[in-house]
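The file work36.pdb comes next; it holds PDB, C-alpha atoms, pLDDT in the B column.
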```pdb
ATOM      1  CA  MET U   1      14.917  -8.281  -3.249  1.00 53.00           C
ATOM      2  CA  GLY U   2      12.486  -6.911  -5.802  1.00 67.00           C
ATOM      3  CA  ILE U   3      12.354  -6.213  -9.498  1.00 77.00           C
ATOM      4  CA  ALA U   4      11.610  -2.954 -11.277  1.00 86.00           C
ATOM      5  CA  ALA U   5       8.187  -4.164 -12.442  1.00 89.00           C
ATOM      6  CA  ASP U   6       6.215  -7.338 -13.027  1.00 92.00           C
ATOM      7  CA  PRO U   7       4.203  -6.989 -16.260  1.00 92.00           C
ATOM      8  CA  GLU U   8       1.452  -9.229 -14.816  1.00 94.00           C
ATOM      9  CA  CYS U   9       1.115  -7.296 -11.529  1.00 97.00           C
ATOM     10  CA  LEU U  10      -1.953  -5.078 -11.106  1.00 97.00           C
ATOM     11  CA  PHE U  11      -0.102  -2.590  -8.917  1.00 98.00           C
ATOM     12  CA  CYS U  12       2.882  -2.413 -11.298  1.00 97.00           C
ATOM     13  CA  LYS U  13       0.409  -1.524 -14.049  1.00 97.00           C
ATOM     14  CA  ILE U  14      -0.952   1.296 -11.855  1.00 98.00           C
ATOM     15  CA  VAL U  15       2.580   2.558 -11.132  1.00 97.00           C
ATOM     16  CA  ALA U  16       3.303   2.582 -14.886  1.00 96.00           C
ATOM     17  CA  GLY U  17       0.083   4.475 -15.616  1.00 96.00           C
ATOM     18  CA  HIS U  18      -1.409   1.617 -17.631  1.00 97.00           C
ATOM     19  CA  LEU U  19      -4.364   1.336 -15.233  1.00 97.00           C
ATOM     20  CA  PRO U  20      -6.227   4.246 -13.618  1.00 97.00           C
ATOM     21  CA  ALA U  21      -6.130   4.984  -9.907  1.00 98.00           C
ATOM     22  CA  GLU U  22      -7.005   7.947  -7.728  1.00 98.00           C
ATOM     23  CA  ARG U  23      -3.472   8.893  -6.753  1.00 98.00           C
ATOM     24  CA  LEU U  24      -3.147  10.384  -3.292  1.00 98.00           C
ATOM     25  CA  TYR U  25       0.638  10.665  -2.994  1.00 98.00           C
ATOM     26  CA  GLU U  26       3.621   9.977  -5.209  1.00 98.00           C
ATOM     27  CA  ASP U  27       7.370  10.368  -5.066  1.00 98.00           C
ATOM     28  CA  ASP U  28      10.255   8.567  -6.771  1.00 97.00           C
ATOM     29  CA  ARG U  29       9.881   5.399  -4.625  1.00 97.00           C
ATOM     30  CA  ILE U  30       6.298   5.301  -3.318  1.00 98.00           C
ATOM     31  CA  LEU U  31       2.765   5.596  -4.679  1.00 98.00           C
ATOM     32  CA  ALA U  32      -0.443   5.869  -2.642  1.00 98.00           C
ATOM     33  CA  PHE U  33      -3.927   5.594  -4.106  1.00 98.00           C
ATOM     34  CA  ARG U  34      -7.523   4.877  -3.066  1.00 98.00           C
ATOM     35  CA  ASP U  35      -8.611   1.260  -2.770  1.00 97.00           C
ATOM     36  CA  ILE U  36     -11.328   0.470  -5.327  1.00 96.00           C
ATOM     37  CA  HIS U  37     -13.076  -1.778  -2.766  1.00 96.00           C
ATOM     38  CA  PRO U  38     -12.913   0.394   0.369  1.00 97.00           C
ATOM     39  CA  GLN U  39     -13.451  -1.199   3.757  1.00 95.00           C
ATOM     40  CA  ALA U  40     -13.813   2.182   5.530  1.00 96.00           C
ATOM     41  CA  PRO U  41     -14.769   5.742   4.533  1.00 97.00           C
ATOM     42  CA  PHE U  42     -11.067   6.329   3.865  1.00 98.00           C
ATOM     43  CA  HIS U  43      -9.121   3.377   2.478  1.00 98.00           C
ATOM     44  CA  GLY U  44      -5.787   4.118   0.876  1.00 98.00           C
ATOM     45  CA  LEU U  45      -3.078   1.777  -0.333  1.00 98.00           C
ATOM     46  CA  VAL U  46       0.604   2.645  -0.020  1.00 98.00           C
ATOM     47  CA  ILE U  47       3.000   0.709  -2.254  1.00 98.00           C
ATOM     48  CA  PRO U  48       6.645   0.766  -3.249  1.00 98.00           C
ATOM     49  CA  LYS U  49       7.103   1.504  -6.945  1.00 97.00           C
ATOM     50  CA  VAL U  50       9.548  -1.382  -7.217  1.00 96.00           C
ATOM     51  CA  HIS U  51       7.874  -4.800  -7.345  1.00 96.00           C
ATOM     52  CA  ILE U  52       8.344  -6.670  -4.074  1.00 97.00           C
ATOM     53  CA  ALA U  53       5.841  -9.503  -3.704  1.00 97.00           C
ATOM     54  CA  THR U  54       5.544  -9.833   0.092  1.00 97.00           C
ATOM     55  CA  LEU U  55       7.027  -8.488   3.306  1.00 97.00           C
ATOM     56  CA  ASN U  56       9.108 -11.681   3.372  1.00 97.00           C
ATOM     57  CA  ASP U  57      10.869 -10.538   0.195  1.00 96.00           C
ATOM     58  CA  PHE U  58      12.282  -7.346   1.712  1.00 94.00           C
ATOM     59  CA  ALA U  59      16.057  -7.376   2.171  1.00 91.00           C
ATOM     60  CA  ASP U  60      18.157  -5.709   4.876  1.00 90.00           C
ATOM     61  CA  GLY U  61      18.824  -2.815   2.494  1.00 90.00           C
ATOM     62  CA  HIS U  62      15.117  -1.996   2.308  1.00 92.00           C
ATOM     63  CA  SER U  63      14.785  -0.608   5.839  1.00 93.00           C
ATOM     64  CA  SER U  64      14.496   3.004   4.667  1.00 96.00           C
ATOM     65  CA  LEU U  65      11.823   2.031   2.115  1.00 97.00           C
ATOM     66  CA  LEU U  66       9.816   0.272   4.828  1.00 96.00           C
ATOM     67  CA  GLY U  67      10.077   3.335   7.047  1.00 96.00           C
ATOM     68  CA  ASP U  68       9.046   5.633   4.219  1.00 98.00           C
ATOM     69  CA  LEU U  69       5.959   3.497   3.495  1.00 98.00           C
ATOM     70  CA  LEU U  70       4.850   4.009   7.101  1.00 98.00           C
ATOM     71  CA  LEU U  71       5.583   7.738   6.965  1.00 98.00           C
ATOM     72  CA  VAL U  72       3.419   8.055   3.853  1.00 98.00           C
ATOM     73  CA  ALA U  73       0.628   6.202   5.699  1.00 98.00           C
ATOM     74  CA  LYS U  74       0.926   8.752   8.522  1.00 98.00           C
ATOM     75  CA  ARG U  75       0.873  11.596   6.015  1.00 98.00           C
ATOM     76  CA  LEU U  76      -2.299  10.292   4.343  1.00 98.00           C
ATOM     77  CA  ALA U  77      -4.040  10.052   7.716  1.00 98.00           C
ATOM     78  CA  ALA U  78      -3.108  13.647   8.540  1.00 98.00           C
ATOM     79  CA  GLU U  79      -4.103  14.981   5.109  1.00 98.00           C
ATOM     80  CA  HIS U  80      -7.493  13.263   5.336  1.00 98.00           C
ATOM     81  CA  GLY U  81      -8.210  14.395   8.898  1.00 97.00           C
ATOM     82  CA  LEU U  82      -8.215  10.935  10.455  1.00 97.00           C
ATOM     83  CA  PRO U  83      -7.931  11.271  14.261  1.00 94.00           C
ATOM     84  CA  GLY U  84      -7.452   7.507  14.485  1.00 95.00           C
ATOM     85  CA  TYR U  85      -6.664   5.006  11.773  1.00 97.00           C
ATOM     86  CA  ARG U  86      -5.401   1.511  11.107  1.00 97.00           C
ATOM     87  CA  VAL U  87      -2.363   0.522   9.057  1.00 97.00           C
ATOM     88  CA  ALA U  88      -2.286  -3.122   7.996  1.00 97.00           C
ATOM     89  CA  MET U  89      -0.203  -5.346   5.742  1.00 97.00           C
ATOM     90  CA  ASN U  90      -1.322  -8.835   4.776  1.00 97.00           C
ATOM     91  CA  VAL U  91       1.430 -11.364   4.065  1.00 98.00           C
ATOM     92  CA  ASN U  92       0.864 -14.383   1.815  1.00 98.00           C
ATOM     93  CA  ARG U  93      -2.471 -16.034   1.115  1.00 97.00           C
ATOM     94  CA  GLU U  94      -2.755 -17.408   4.639  1.00 97.00           C
ATOM     95  CA  GLY U  95      -2.424 -13.841   5.929  1.00 96.00           C
ATOM     96  CA  GLY U  96      -5.089 -12.525   3.567  1.00 96.00           C
ATOM     97  CA  GLN U  97      -2.827 -11.142   0.819  1.00 97.00           C
ATOM     98  CA  VAL U  98      -4.624 -11.079  -2.542  1.00 96.00           C
ATOM     99  CA  ILE U  99      -2.319  -8.931  -4.694  1.00 97.00           C
ATOM    100  CA  PHE U 100       1.302  -9.998  -4.494  1.00 97.00           C
ATOM    101  CA  HIS U 101       2.894  -6.561  -4.498  1.00 98.00           C
ATOM    102  CA  VAL U 102       3.632  -5.275  -0.997  1.00 98.00           C
ATOM    103  CA  HIS U 103       1.063  -2.724   0.144  1.00 98.00           C
ATOM    104  CA  LEU U 104      -0.096  -1.044   3.309  1.00 98.00           C
ATOM    105  CA  HIS U 105      -3.798  -0.487   3.897  1.00 98.00           C
ATOM    106  CA  VAL U 106      -4.607   2.820   5.605  1.00 98.00           C
ATOM    107  CA  LEU U 107      -8.169   2.760   6.955  1.00 98.00           C
ATOM    108  CA  GLY U 108     -10.103   5.369   8.862  1.00 97.00           C
ATOM    109  CA  GLY U 109     -13.033   7.744   8.904  1.00 96.00           C
ATOM    110  CA  ARG U 110     -15.134   5.741  11.376  1.00 94.00           C
ATOM    111  CA  PRO U 111     -14.511   3.815  14.613  1.00 91.00           C
ATOM    112  CA  LEU U 112     -12.765   0.582  13.677  1.00 89.00           C
ATOM    113  CA  LYS U 113     -13.747  -2.665  15.375  1.00 83.00           C
ATOM    114  CA  GLY U 114     -11.663  -5.727  16.047  1.00 73.00           C
ATOM    115  CA  ALA U 115      -8.791  -4.039  17.847  1.00 58.00           C
ATOM    116  CA  LEU U 116      -5.563  -6.003  17.869  1.00 56.00           C
ATOM    117  CA  GLY U 117      -4.091  -4.448  20.942  1.00 49.00           C
TER
END
```
Starting from the coordinates I provided, produce the structure as structure tokens.
Amino acid sequence: MGIAADPECLFCKIVAGHLPAERLYEDDRILAFRDIHPQAPFHGLVIPKVHIATLNDFADGHSSLLGDLLLVAKRLAAEHGLPGYRVAMNVNREGGQVIFHVHLHVLGGRPLKGALG
């Protein structure tokens, strides 16, 4: 279901202000910041402030948080003038997840290859 913060989690340290990040959006439940290893001209990360390790750890009561994460992704794309963009979430190591704090990648600023659909 999630815990307030994991003291070992990189993203929890960013939320707490213990590590620097270029913050792009923040409210009481969500933080968005630039990825330090961008894969596109614009690469933002959107995270819940509460520590939830993977998408599999979301509970039924988190539906509004999930929706708000996507709305922040849409907002970032609009604010950064992205006519097209990709939103992706990796789940578990087999799915490419490296940091175990749920996060959306928002990528854009150039034509993206490898379309999924």
**Study point:** Nearest residue to Leu10 of chain U from the set U:Gly67, U:Ala53, U:Gly109, U:Gly96 (distances using only C-alpha atoms)
**Key:**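 Using only C-alpha atoms, the shortest distance to Leu10 of chain U belongs to U:Ala53.
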Point to revise | Two-atom distance - atom CA of Leu107 of chain U, atom CA of Gln39 of chain U (Å) | key: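 Separation between atom CA of Leu107 of chain U and atom CA of Gln39 of chain U: 7.3 Å.
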Practice item. Counting only C-alpha atoms, figure out which residue out of U:Cys9, U:Met89, U:Leu71, U:Leu76 gets nearest to Asn56 of chain U. Key: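 Smallest separation from Asn56 of chain U among the options: U:Met89.
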Practice item. For the file shown, report as a VMD selection string the outcome of the PyMOL selection byres ((chain U and resi 110) around 12) at residue level. Key: chain U and resid 39 to 43 81 to 86 107 to 109 111 to 113
Practice item. Apply the PyMOL selection byres ((chain U and resi 35) around 10) to the file shown and report the selected residues as a PyMOL selection string. Key: chain U and resi 21-22+32-34+36-40+42-46+105-107
Residues of the last selection are to be written out with C-alpha atoms, as a PDB file, in the coordinates of the input.
```pdb
ATOM      1  CA  ALA U  21      -6.130   4.984  -9.907  1.00 98.00           C
ATOM      2  CA  GLU U  22      -7.005   7.947  -7.728  1.00 98.00           C
ATOM      3  CA  ALA U  32      -0.443   5.869  -2.642  1.00 98.00           C
ATOM      4  CA  PHE U  33      -3.927   5.594  -4.106  1.00 98.00           C
ATOM      5  CA  ARG U  34      -7.523   4.877  -3.066  1.00 98.00           C
ATOM      6  CA  ILE U  36     -11.328   0.470  -5.327  1.00 96.00           C
ATOM      7  CA  HIS U  37     -13.076  -1.778  -2.766  1.00 96.00           C
ATOM      8  CA  PRO U  38     -12.913   0.394   0.369  1.00 97.00           C
ATOM      9  CA  GLN U  39     -13.451  -1.199   3.757  1.00 95.00           C
ATOM     10  CA  ALA U  40     -13.813   2.182   5.530  1.00 96.00           C
ATOM     11  CA  PHE U  42     -11.067   6.329   3.865  1.00 98.00           C
ATOM     12  CA  HIS U  43      -9.121   3.377   2.478  1.00 98.00           C
ATOM     13  CA  GLY U  44      -5.787   4.118   0.876  1.00 98.00           C
ATOM     14  CA  LEU U  45      -3.078   1.777  -0.333  1.00 98.00           C
ATOM     15  CA  VAL U  46       0.604   2.645  -0.020  1.00 98.00           C
ATOM     16  CA  HIS U 105      -3.798  -0.487   3.897  1.00 98.00           C
ATOM     17  CA  VAL U 106      -4.607   2.820   5.605  1.00 98.00           C
ATOM     18  CA  LEU U 107      -8.169   2.760   6.955  1.00 98.00           C
TER      19      LEU U 107
END
```
Point to revise | Å distance separating atom CA of Asp57 of chain U from atom CA of Leu19 of chain U, one decimal place | key: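 Result for atom CA of Asp57 of chain U versus atom CA of Leu19 of chain U: 24.7 Å, one decimal.
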Exercise for review: Starting from the displayed file, determine the output of the PyMOL selection byres ((chain U and resi 31) around 7) and express the residue list as an MDAnalysis selection string.
Suggested key: chainID U and resid 25:27 30 32:33 46:49
**Study point:** atom CA of Arg29 of chain U to atom CA of Pro7 of chain U, straight-line distance in Å
**Key:** 17.9 Å
Box time for segment 45-64 of chain U: axis-aligned, enclosing all its listed atoms, 3 Å extra on each side; report centre and edge lengths in Å to one decimal, as lines of an AutoDock Vina configuration file.
```
center_x = 7.9
center_y = -4.3
center_z = -0.8
size_x = 27.9
size_y = 20.7
size_z = 19.2
```
Check your understanding: Which residue out of U:Arg93, U:Lys13, U:Arg23, U:His18 has the minimum interatomic distance to Val50 of chain U when only C-alpha atoms are used?
Key -> U:Lys13
Repaired coordinates for segment 81-106 of chain U (N, CA and C atoms) as a PDB file, in the frame of the given file:
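What follows is the written file selection-v3.pdb:
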```
ATOM      1  N   GLY U  81      -7.570  14.061   7.636  1.00 97.00           N
ATOM      2  CA  GLY U  81      -8.210  14.395   8.898  1.00 97.00           C
ATOM      3  C   GLY U  81      -8.646  13.200   9.719  1.00 97.00           C
ATOM      4  N   LEU U  82      -7.863  12.141   9.706  1.00 97.00           N
ATOM      5  CA  LEU U  82      -8.215  10.935  10.455  1.00 97.00           C
ATOM      6  C   LEU U  82      -7.622  11.018  11.866  1.00 97.00           C
ATOM      7  N   PRO U  83      -8.465  11.189  12.898  1.00 94.00           N
ATOM      8  CA  PRO U  83      -7.931  11.271  14.261  1.00 94.00           C
ATOM      9  C   PRO U  83      -7.388   9.927  14.737  1.00 94.00           C
ATOM     10  N   GLY U  84      -7.934   8.855  14.216  1.00 95.00           N
ATOM     11  CA  GLY U  84      -7.452   7.507  14.485  1.00 95.00           C
ATOM     12  C   GLY U  84      -7.552   6.728  13.197  1.00 95.00           C
ATOM     13  N   TYR U  85      -6.676   5.778  13.018  1.00 97.00           N
ATOM     14  CA  TYR U  85      -6.664   5.006  11.773  1.00 97.00           C
ATOM     15  C   TYR U  85      -5.935   3.702  12.001  1.00 97.00           C
ATOM     16  N   ARG U  86      -6.078   2.801  11.047  1.00 97.00           N
ATOM     17  CA  ARG U  86      -5.401   1.511  11.107  1.00 97.00           C
ATOM     18  C   ARG U  86      -4.489   1.393   9.894  1.00 97.00           C
ATOM     19  N   VAL U  87      -3.296   0.859  10.129  1.00 97.00           N
ATOM     20  CA  VAL U  87      -2.363   0.522   9.057  1.00 97.00           C
ATOM     21  C   VAL U  87      -2.166  -0.990   9.128  1.00 97.00           C
ATOM     22  N   ALA U  88      -2.396  -1.662   8.011  1.00 97.00           N
ATOM     23  CA  ALA U  88      -2.286  -3.122   7.996  1.00 97.00           C
ATOM     24  C   ALA U  88      -1.575  -3.587   6.736  1.00 97.00           C
ATOM     25  N   MET U  89      -0.844  -4.703   6.880  1.00 97.00           N
ATOM     26  CA  MET U  89      -0.203  -5.346   5.742  1.00 97.00           C
ATOM     27  C   MET U  89      -0.474  -6.844   5.841  1.00 97.00           C
ATOM     28  N   ASN U  90      -1.079  -7.401   4.827  1.00 97.00           N
ATOM     29  CA  ASN U  90      -1.322  -8.835   4.776  1.00 97.00           C
ATOM     30  C   ASN U  90      -0.127  -9.505   4.098  1.00 97.00           C
ATOM     31  N   VAL U  91       0.261 -10.670   4.607  1.00 98.00           N
ATOM     32  CA  VAL U  91       1.430 -11.364   4.065  1.00 98.00           C
ATOM     33  C   VAL U  91       1.051 -12.789   3.685  1.00 98.00           C
ATOM     34  N   ASN U  92       1.174 -13.080   2.407  1.00 98.00           N
ATOM     35  CA  ASN U  92       0.864 -14.383   1.815  1.00 98.00           C
ATOM     36  C   ASN U  92      -0.626 -14.696   1.913  1.00 98.00           C
ATOM     37  N   ARG U  93      -1.044 -15.688   1.174  1.00 97.00           N
ATOM     38  CA  ARG U  93      -2.471 -16.034   1.115  1.00 97.00           C
ATOM     39  C   ARG U  93      -3.042 -16.335   2.504  1.00 97.00           C
ATOM     40  N   GLU U  94      -2.281 -17.046   3.311  1.00 97.00           N
ATOM     41  CA  GLU U  94      -2.755 -17.408   4.639  1.00 97.00           C
ATOM     42  C   GLU U  94      -2.963 -16.177   5.517  1.00 97.00           C
ATOM     43  N   GLY U  95      -2.281 -15.094   5.197  1.00 96.00           N
ATOM     44  CA  GLY U  95      -2.424 -13.841   5.929  1.00 96.00           C
ATOM     45  C   GLY U  95      -3.417 -12.885   5.283  1.00 96.00           C
ATOM     46  N   GLY U  96      -4.072 -13.334   4.219  1.00 96.00           N
ATOM     47  CA  GLY U  96      -5.089 -12.525   3.567  1.00 96.00           C
ATOM     48  C   GLY U  96      -4.598 -11.719   2.377  1.00 96.00           C
ATOM     49  N   GLN U  97      -3.339 -11.897   1.962  1.00 97.00           N
ATOM     50  CA  GLN U  97      -2.827 -11.142   0.819  1.00 97.00           C
ATOM     51  C   GLN U  97      -3.458 -11.653  -0.470  1.00 97.00           C
ATOM     52  N   VAL U  98      -3.980 -10.730  -1.275  1.00 96.00           N
ATOM     53  CA  VAL U  98      -4.624 -11.079  -2.542  1.00 96.00           C
ATOM     54  C   VAL U  98      -3.755 -10.644  -3.721  1.00 96.00           C
ATOM     55  N   ILE U  99      -3.199  -9.444  -3.640  1.00 97.00           N
ATOM     56  CA  ILE U  99      -2.319  -8.931  -4.694  1.00 97.00           C
ATOM     57  C   ILE U  99      -0.884  -9.035  -4.184  1.00 97.00           C
ATOM     58  N   PHE U 100      -0.061  -9.736  -4.939  1.00 97.00           N
ATOM     59  CA  PHE U 100       1.302  -9.998  -4.494  1.00 97.00           C
ATOM     60  C   PHE U 100       2.263  -8.912  -4.966  1.00 97.00           C
ATOM     61  N   HIS U 101       2.035  -7.737  -4.415  1.00 98.00           N
ATOM     62  CA  HIS U 101       2.894  -6.561  -4.498  1.00 98.00           C
ATOM     63  C   HIS U 101       2.695  -5.908  -3.137  1.00 98.00           C
ATOM     64  N   VAL U 102       3.749  -5.797  -2.363  1.00 98.00           N
ATOM     65  CA  VAL U 102       3.632  -5.275  -0.997  1.00 98.00           C
ATOM     66  C   VAL U 102       2.792  -4.009  -0.986  1.00 98.00           C
ATOM     67  N   HIS U 103       1.875  -3.934  -0.007  1.00 98.00           N
ATOM     68  CA  HIS U 103       1.063  -2.724   0.144  1.00 98.00           C
ATOM     69  C   HIS U 103       0.557  -2.598   1.577  1.00 98.00           C
ATOM     70  N   LEU U 104       0.502  -1.371   2.016  1.00 98.00           N
ATOM     71  CA  LEU U 104      -0.096  -1.044   3.309  1.00 98.00           C
ATOM     72  C   LEU U 104      -1.516  -0.564   3.056  1.00 98.00           C
ATOM     73  N   HIS U 105      -2.439  -1.019   3.884  1.00 98.00           N
ATOM     74  CA  HIS U 105      -3.798  -0.487   3.897  1.00 98.00           C
ATOM     75  C   HIS U 105      -3.848   0.582   4.972  1.00 98.00           C
ATOM     76  N   VAL U 106      -4.384   1.747   4.633  1.00 98.00           N
ATOM     77  CA  VAL U 106      -4.607   2.820   5.605  1.00 98.00           C
ATOM     78  C   VAL U 106      -6.113   3.032   5.654  1.00 98.00           C
TER      79      VAL U 106
END
```
